[in-house]
Amino acid sequence: MIEIRNVVKEDSNRILDIYRYYIINTAITFEEKVPTIEEFRNRIISISNKYPYICILEDGVIKGYAYSHEYYGRDAYKYSNEISIYIDKDSKGKGLGKMLYLELENRLKNMGITNLYSCIAHTDIEDEYLNNDSELFHNKLGFKRVGLFTKCGYKFNKWYDVIWMEKIINEHN
């Protein structure tokens with residue numbers, strides 16, 4: 001059975017376990033040090049105070065999470081959000097990410113958010129740390145590439161690019 005719900009602080013350990021894999025083994029995130037559970041829990045609480053932080057469960061086990069937060073922290077950007085998603089490495093390809101993102105998008109649309117942005121690690125030459133599946137995933141969900149930052153992240157002794165993708169979800173009234 002699949003369920004999507006708000007993250008609660010008791011979910012912090014499982015969610016950090018999912019994220020830990022990406023920090024240690026991939027260039028999907030440029031974070032290099034695994035945060036403490038207290039630091040991670042505080043991130044969840046801080047974001048959840050204003051924006052959705054949700055998880056997807058399969059048979060009662062958290063298999064992924066997604067959240068949004070302010071884009072850039074200026075008042076003029078109040079209708080724009082940056083979004084992130086992480087799926088358990090062993091649960092990819094089951095459609096869980098799509099379900100999770102669509103739920104997040106619906107919640108943000110109902111909040112009046114108009115623009116969604118995703119900051120995605122990118123490479124011209126795929127390696128054991130990074131492929132471009134995230135860009136393909138976002139394309140399938142209607143995101144368009146709107147920016148490229150060249151060789152701005154250095155992890156695993158290699159330079160990686162960042163692309164920005166955008167999706168308009170509400171009218172700009």
# chains A, B, ... in the order shown; residues from 1 in each chain; ligands from 1
call {"tool": "select_by_dssp", "arguments": {"residues": "segment 39-170 of chain A", "states": "strand (DSSP E)", "output": "JSON, numbers by chain"}}
result
{"A": [53, 54, 55, 56, 57, 58, 61, 62, 63, 64, 65, 66, 67, 68, 69, 70, 80, 81, 82, 83, 84, 85, 86, 87, 115, 116, 117, 118, 119, 120, 121, 122, 144, 145, 146, 147, 148, 149, 150, 151, 152, 153, 154, 155, 158, 159, 160, 161, 162, 163, 164, 165, 166, 167, 168]}
call {"tool": "residues_around", "arguments": {"residues": "Ser12 of chain A", "least_positions_apart": "4", "cutoff": "10 Å", "atoms": "only C-alpha atoms", "output": "list of chain:residue names"}}
result
A:Val7, A:Val8, A:Leu16, A:Asp17, A:Ile18, A:Ile37, A:Glu38, A:Glu39, A:Phe40, A:Arg41, A:Asn42, A:Arg43, A:Ile44, A:Ile45
call {"tool": "write_last_selection", "arguments": {"atoms": "N, CA, C and O atoms", "output": "mmCIF file, in the first residue's frame"}}
result
data_model
loop_
_atom_site.group_PDB
_atom_site.id
_atom_site.type_symbol
_atom_site.label_atom_id
_atom_site.label_comp_id
_atom_site.auth_asym_id
_atom_site.auth_seq_id
_atom_site.Cartn_x
_atom_site.Cartn_y
_atom_site.Cartn_z
ATOM 1 N N VAL A 7 5.856 14.801 6.741
ATOM 2 C CA VAL A 7 6.944 14.282 7.555
ATOM 3 C C VAL A 7 6.755 14.800 8.975
ATOM 4 O O VAL A 7 6.356 15.941 9.193
ATOM 5 N N VAL A 8 7.032 13.946 9.930
ATOM 6 C CA VAL A 8 7.046 14.340 11.340
ATOM 7 C C VAL A 8 8.467 14.134 11.861
ATOM 8 O O VAL A 8 9.264 13.410 11.253
ATOM 9 N N LEU A 16 17.063 10.747 6.966
ATOM 10 C CA LEU A 16 18.512 10.972 6.914
ATOM 11 C C LEU A 16 19.225 9.749 6.359
ATOM 12 O O LEU A 16 20.205 9.882 5.612
ATOM 13 N N ASP A 17 18.748 8.546 6.660
ATOM 14 C CA ASP A 17 19.345 7.336 6.079
ATOM 15 C C ASP A 17 19.264 7.360 4.555
ATOM 16 O O ASP A 17 20.220 6.993 3.870
ATOM 17 N N ILE A 18 18.119 7.786 4.019
ATOM 18 C CA ILE A 18 17.966 7.881 2.564
ATOM 19 C C ILE A 18 18.951 8.897 2.006
ATOM 20 O O ILE A 18 19.649 8.634 1.026
ATOM 21 N N ILE A 37 21.891 14.098 13.280
ATOM 22 C CA ILE A 37 20.442 13.919 13.312
ATOM 23 C C ILE A 37 19.754 15.178 13.846
ATOM 24 O O ILE A 37 18.690 15.559 13.370
ATOM 25 N N GLU A 38 20.380 15.858 14.798
ATOM 26 C CA GLU A 38 19.798 17.092 15.336
ATOM 27 C C GLU A 38 19.738 18.182 14.275
ATOM 28 O O GLU A 38 18.728 18.879 14.138
ATOM 29 N N GLU A 39 20.832 18.326 13.524
ATOM 30 C CA GLU A 39 20.869 19.325 12.454
ATOM 31 C C GLU A 39 19.822 19.004 11.391
ATOM 32 O O GLU A 39 19.092 19.888 10.936
ATOM 33 N N PHE A 40 19.714 17.746 11.024
ATOM 34 C CA PHE A 40 18.761 17.346 9.994
ATOM 35 C C PHE A 40 17.328 17.539 10.478
ATOM 36 O O PHE A 40 16.480 18.040 9.741
ATOM 37 N N ARG A 41 17.068 17.165 11.715
ATOM 38 C CA ARG A 41 15.731 17.354 12.293
ATOM 39 C C ARG A 41 15.370 18.841 12.309
ATOM 40 O O ARG A 41 14.238 19.210 11.988
ATOM 41 N N ASN A 42 16.325 19.689 12.640
ATOM 42 C CA ASN A 42 16.067 21.130 12.647
ATOM 43 C C ASN A 42 15.761 21.661 11.250
ATOM 44 O O ASN A 42 14.939 22.563 11.085
ATOM 45 N N ARG A 43 16.419 21.110 10.230
ATOM 46 C CA ARG A 43 16.104 21.489 8.851
ATOM 47 C C ARG A 43 14.649 21.152 8.531
ATOM 48 O O ARG A 43 13.926 21.956 7.944
ATOM 49 N N ILE A 44 14.254 19.942 8.893
ATOM 50 C CA ILE A 44 12.882 19.497 8.622
ATOM 51 C C ILE A 44 11.882 20.413 9.322
ATOM 52 O O ILE A 44 10.913 20.870 8.708
ATOM 53 N N ILE A 45 12.114 20.687 10.592
ATOM 54 C CA ILE A 45 11.197 21.528 11.367
ATOM 55 C C ILE A 45 11.125 22.929 10.777
ATOM 56 O O ILE A 45 10.046 23.488 10.595
#
call {"tool": "closest_residue", "arguments": {"among": "A:Met1, A:Gly95, A:Asn106, A:Asn81", "to": "Val61 of chain A", "atoms": "only C-alpha atoms"}}
result
A:Met1
call {"tool": "residues_around", "arguments": {"residues": "Glu105 of chain A", "least_positions_apart": "4", "cutoff": "8 Å", "atoms": "only C-alpha atoms", "output": "compact mmCIF listing (two decimals) with C-alpha atoms, in the first residue's frame"}}
result
# COMPACT_ATOMS: atom_id res chain seq x y z
CA TYR A 101 6.37 15.27 -6.75
CA LYS A 109 -0.34 25.18 -6.24
CA ILE A 169 2.16 25.64 -11.98
call {"tool": "select_by_dssp", "arguments": {"residues": "segment 105-136 of chain A", "states": "alpha helix (DSSP H)", "output": "list of chain:residue names"}}
result
A:Glu105, A:Asn106, A:Arg107, A:Leu108, A:Lys109, A:Asn110, A:Asp133, A:Ser134, A:Glu135, A:Leu136
call {"tool": "residues_around", "arguments": {"residues": "Ile168 of chain A", "least_positions_apart": "5", "cutoff": "7 Å", "atoms": "only C-alpha atoms", "output": "list in words"}}
result
Thr114, Asn115 and Leu116 of chain A
call {"tool": "closest_residue", "arguments": {"among": "A:Lys94, A:Lys78, A:Lys167, A:Lys155", "to": "Asn25 of chain A", "atoms": "only C-alpha atoms"}}
result
A:Lys155
call {"tool": "residues_around", "arguments": {"residues": "Ser68 of chain A", "least_positions_apart": "5", "cutoff": "8 Å", "atoms": "only C-alpha atoms", "output": "list in words"}}
result
Ile47, Tyr51, Pro52, Tyr53, Asn81, Glu82, Ile83, Ser84 and Leu104 of chain A
call {"tool": "residues_around", "arguments": {"residues": "Ile24 of chain A", "least_positions_apart": "6", "cutoff": "10 Å", "atoms": "only C-alpha atoms", "output": "list in words"}}
result
Phe30, Glu31, Glu32, Lys33, Val34, Tyr129 and Phe156 of chain A
call {"tool": "closest_residue", "arguments": {"among": "A:Thr36, A:Leu108, A:Tyr21, A:Lys151", "to": "Asp90 of chain A", "atoms": "only C-alpha atoms"}}
result
A:Tyr21
call {"tool": "atom_distance", "arguments": {"atom1": "atom CA of Glu166 of chain A", "atom2": "atom CA of Lys144 of chain A"}}
result
5.3 Å
call {"tool": "residues_around", "arguments": {"residues": "Val162 of chain A", "least_positions_apart": "3", "cutoff": "6 Å", "atoms": "only C-alpha atoms", "output": "list of chain:residue names"}}
result
A:Ile120, A:Ala121, A:His122, A:Leu148, A:Phe149
call {"tool": "write_last_selection", "arguments": {"atoms": "C-alpha atoms", "output": "compact mmCIF listing (two decimals), in the first residue's frame"}}
result
# COMPACT_ATOMS: atom_id res chain seq x y z
CA ILE A 120 20.24 19.63 -10.33
CA ALA A 121 23.82 18.35 -10.50
CA HIS A 122 24.74 17.68 -14.11
CA LEU A 148 23.52 26.16 -16.50
CA PHE A 149 26.29 26.87 -14.00
